[in-house]
Structure formats: structure tokens, C-alpha cells
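S.K.: Below: one structure in C-alpha cells.
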Amino acid sequence: MNVVFMGTPKFAVPTLEALAQAGHEISGVITQPDAMRDRGKKLQPTPVKEKAVELGIPVYQPAKIKNNEEFLATLKELAPDVIVVAAYGKILPAEVLIIPPLGCVNVHASLLPKYRGAGPIQRAILEGEEKTGITIMYMAEGLDTGDMLSKAETSIEKKTAEELTEELALMGGKLLVETLPLLESGEIQGEVQDDSLATYAPMISKKDGQIDFEKSAVEIERQVRAMIPWPGAYTYYKGELFKIWEASTMDETGNNAPGTVTAASGDGIVISTKEGSLVAKTVQIPGKKRVSAADYLKGNSIELLRVLG
RNA sequence: CGCGGGGUAGAGCAGCUGGUAGCUCGUCGGGCUCAUAACCCGGAGGUCAGGGGUUCAAAUCCCUUCCCCGCAA
């Protein structure tokens with residue numbers, strides 16, 4: 001099939017690869033414009049652009065999609081049978097959605113209708129879901145509201161958002177190439193989403209990483225996993241940023257105020273919470289690398305009974 | 001050239017108002033102990049990221065290269 005692919009971050013790359021590997025003719029790749037991504041450096045291409053260039057596919061990076069006649073014309077010229085979208089980063093207007101005969105198909109990282117939106121993976125972890133997955137769906141004008149075509153599941157367990165993203169990305173590419181032929185032959189039809197079950201997963205922001213020790217240790221541990229690789233779960237120790245990259249929980253709540261450091265050893269830095277205690281296993285302070293609690297304590301002292309936050 | 005922190009023994013850090021380097025952990029040897037990831041004694045281990053400069057003398061001051069990281073995006 002003649003496919004136009006739209007995607008931006010790392011998550012979208014395996015889908016692009018899967019499409020190419022499945023032998024589809026990818027006439028164009030649309031991705032976000034290059035932007036300043038790293039410190040000090042200059043413009044950086046998106047992961048999808050890098051892969052597209054590697055595959056020798058023409059790349060388009062329109063600054064905007066809406067009311068962009070030139071882009072619309074280009075898209076029509078590419079004459080895709082279907083447009084595949086994976087974490088592109090912008091809402092597609094109706095005039096784009098109607099271009100491909102087979103429609104626009106989205107690879108979404110949740111089991112819709114739950115977790116519509118830009119942060120489905122992290123939100124599923126935060127909420128303590130046992131499983132999540134991939135939904136391949138038609139795109140509609142609403143946010144992730146289109147009819148569903150296929151799904152695949154995986155368990156969350158103690159995975160981090162980074163691990164889940166990688167896993168789901170691969171899963172998404174696989175499921176997509178399995179779904180496309182069925183779509184082309186008309187063997188499957190979209191299943192309408194039950195809006196009453198829908199939840200919204202807003203994009204993760206820096207602030208989502210701030211730890212609130214008034215929550216339970218279990219919730220905070222989920223937050224730690226959900227904030228990997230970005231922005232990282234953090235609190236403050238003596239006014240300085242203190243990130244926790246890996247943690248476990250203990251049942252003991254104790255009598256200390258939430259956020260109090262109650263113990264520090266090679267096994268971890270124990271912090272009391274509203275319910276249970278959090279044991280920080282891997283931490284990081286500004287300008288330094290992530291280190292195990294044991295390594296951290298070799299050269300840094302931690303004041304017991306100090307309250308973090 | 002977005003702002004900033006940092007590269008010192010295997011690991012994590014101190015020293016940085018210049019005079020050949022120190023702490024904690026680990027490691028090796030010994031001692032104590034019923035016993036120990038405990039304690040005591042002793043030892044090994046460092047071109048102080050690379051290059052250049054200032055100086056009688058630089059980890060410490062100046063210039064530069066490489067690498068790591070926090071913030072901001």
C-alpha cells in the first residue's frame with residue numbers, strides 16, 4: 001500500500017520501521033520541525049526524521065497543519081491509500097483526515113477508550129493499572145475518539161514508562177502491519193468507543209514529577225516509574241533538587257511526618273509517607289549522575305529526621 | 001554560541017585564598033570475638049580528564065579540547 005507516515009518521538013520509530021519492513025511503499029514521512037532539544041546544542045531532528053532519512057524516505061516538517069494549503073496540496077500529491085499516525089504531536093484537521101481512501105489510522109498506547117490523550121503510558125502506570133496496551137484505530141476529529149480496529153495487551157508489573165514505551169512501540173508496529181491488510185480487504189470494521197468508559201491522559205509535564213509525600217508509598221513508587229525517563233520523580237533535600245529514579249516500598253508508616261527521612265543505609269534511603277514508607281534506591285542531585293543509595297551515602301551525608309519537600 | 005554544576009585511588013566525595021593529596025565504602029593482611037556486613041591495627045592502590053600557559057612551585061590561577069550532569073526548551 002502507499003502509506004504516508006506521521007510521527008515524531010522514539011515511540012513512533014518502530015511503527016515506521018515495521019511499515020517499511022512489511023514492504024509498504026512509504027511515500028512520505030511527516031514529523032515535527034527540528035527543535036532545540038538538548039542542552040547547549042542546536043537544532044535536533046526528531047527520532048522519526050532520523051529514521052526516515054536512514055530509510056531514504058522524503059521528510060516533511062510543516063510548522064502547522066491547519067489552514068496550510070501548501071501542505072495539504074503536498075499530501076494530496078503523495079496520494080496515500082492510508083495515513084498512519086503514531087504520536088505525531090498535533091491534531092489533524094478534517095481536511096487531512098478525508099484525503100486517504102482508507103482513512104487515517106492511529107497507533108495509540110492504551111486500551112481505548114481509557115487513557116485518551118498524550119500521556120497514556122505514564123497515566124496508566126500512575127493509576128496502578130495492571131495492564132495496558134495498544135489500540136489501532138481510525139482517527140476522528142475528537143481526541144483519540146475514533147473507531148477501534150484492533151488491540152494488543154501487556155502487563156505493567158513493575159515496568160517503567162521507558163520500558164513500557166519501548167515495548168508498546170514494538171507492539172504497535174507489529175499490530176499495525178497486521179491490521180493494515182485486514183483494513184484494505186475490508187475484513188474488519190471499526191468498533192465504536194464507549195464514551196462512558198473514556199478517561200483522559202493529559203501530557204506529562206515537569207510538575208508531574210514532584211513527589212507529594214502525603215500520598216501513599218505505593219502511589220509514589222508508581223510515580224517514580226512513570227516519570228522515567230522524563231522528568232524524573234523529584235523532591236527537595238535542604239533546598240536542593242533530589243531526584244529518585246528507583247524506589248521500593250515498605251509497609252511501616254511510623255509516627256513521623258510524611259517526607260521524613262527515617263533511615264539511610266546501603267539498602268536505601270527510607271522516607272515516611274502518609275501510608276507506608278518509600279525506600280529510595282537510586283537517586284540523583286543536580287550536576288551529578290544517578291547513583292545507588294549506597295554510592296550516594298559514601299560521599300554525601302543524609303540527615304535523619306530531615307523532612308523532604 | 002540559552003543558564004549552570006562537574007570530571008581527584010575500584011566506588012561516592014573533600015581539598016581548589018598555589019608548596020608533590022585526604023575522607024567514607026570497598027579491597028588485601030593481621031587482631032579481637034561463640035559470632036558478624038560489627039570493632040581495632042596495618043597495607044596496597046591516584047599521569048588530580050587531555051593539551052598549552054603563568055610561577056621557584058599548580059589538583060589548586062589563566063586559555064583550550066574532550067566527556068558527564070542539573071535547569072531551561
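Each chain of the C-alpha cells is named A, B, ... in the order shown, its residues numbered from 1; ligands are numbered from 1 in display order.
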Residues of chain B near chain A: apply a cut-off of 10 Å, count only C-alpha atoms (C1' of nucleotides), and supply the list as a ChimeraX atom specification.
M.R.: /B:1-6,11-14,23-25,68-73
S.K.: Taking 4 positions as the minimum chain separation for residues in the same chain, which residues sit within 7 Å of stretch 207-209 of chain A when counting only C-alpha atoms (C1' of nucleotides)? Answer as a list in words.
M.R.: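 Skipping anything fewer than 4 positions along the chain leaves Met227, Pro231, Gly232, Ala233 and Tyr234 of chain A.
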S.K.: Please run DSSP on the backbone and report, as a ChimeraX atom specification, all residues within stretch 217-289 of chain A that come out as strand (DSSP E).
M.R.: /A:233-237,240-250,261-265,268-272,277-284
S.K.: Taking only C-alpha atoms (C1' of nucleotides) into account, which of B:U47, B:U54, B:U60, B:U65 comes nearest B:C16?
M.R.: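 Of B:U47, B:U54, B:U60, B:U65, the one nearest B:C16 is B:U60, counting only C-alpha atoms (C1' of nucleotides).
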S.K.: Assign secondary structure with DSSP using the backbone only, and return the residues of stretch 33-221 of chain A in alpha helix (DSSP H) as a count of residues only.
M.R.: 60
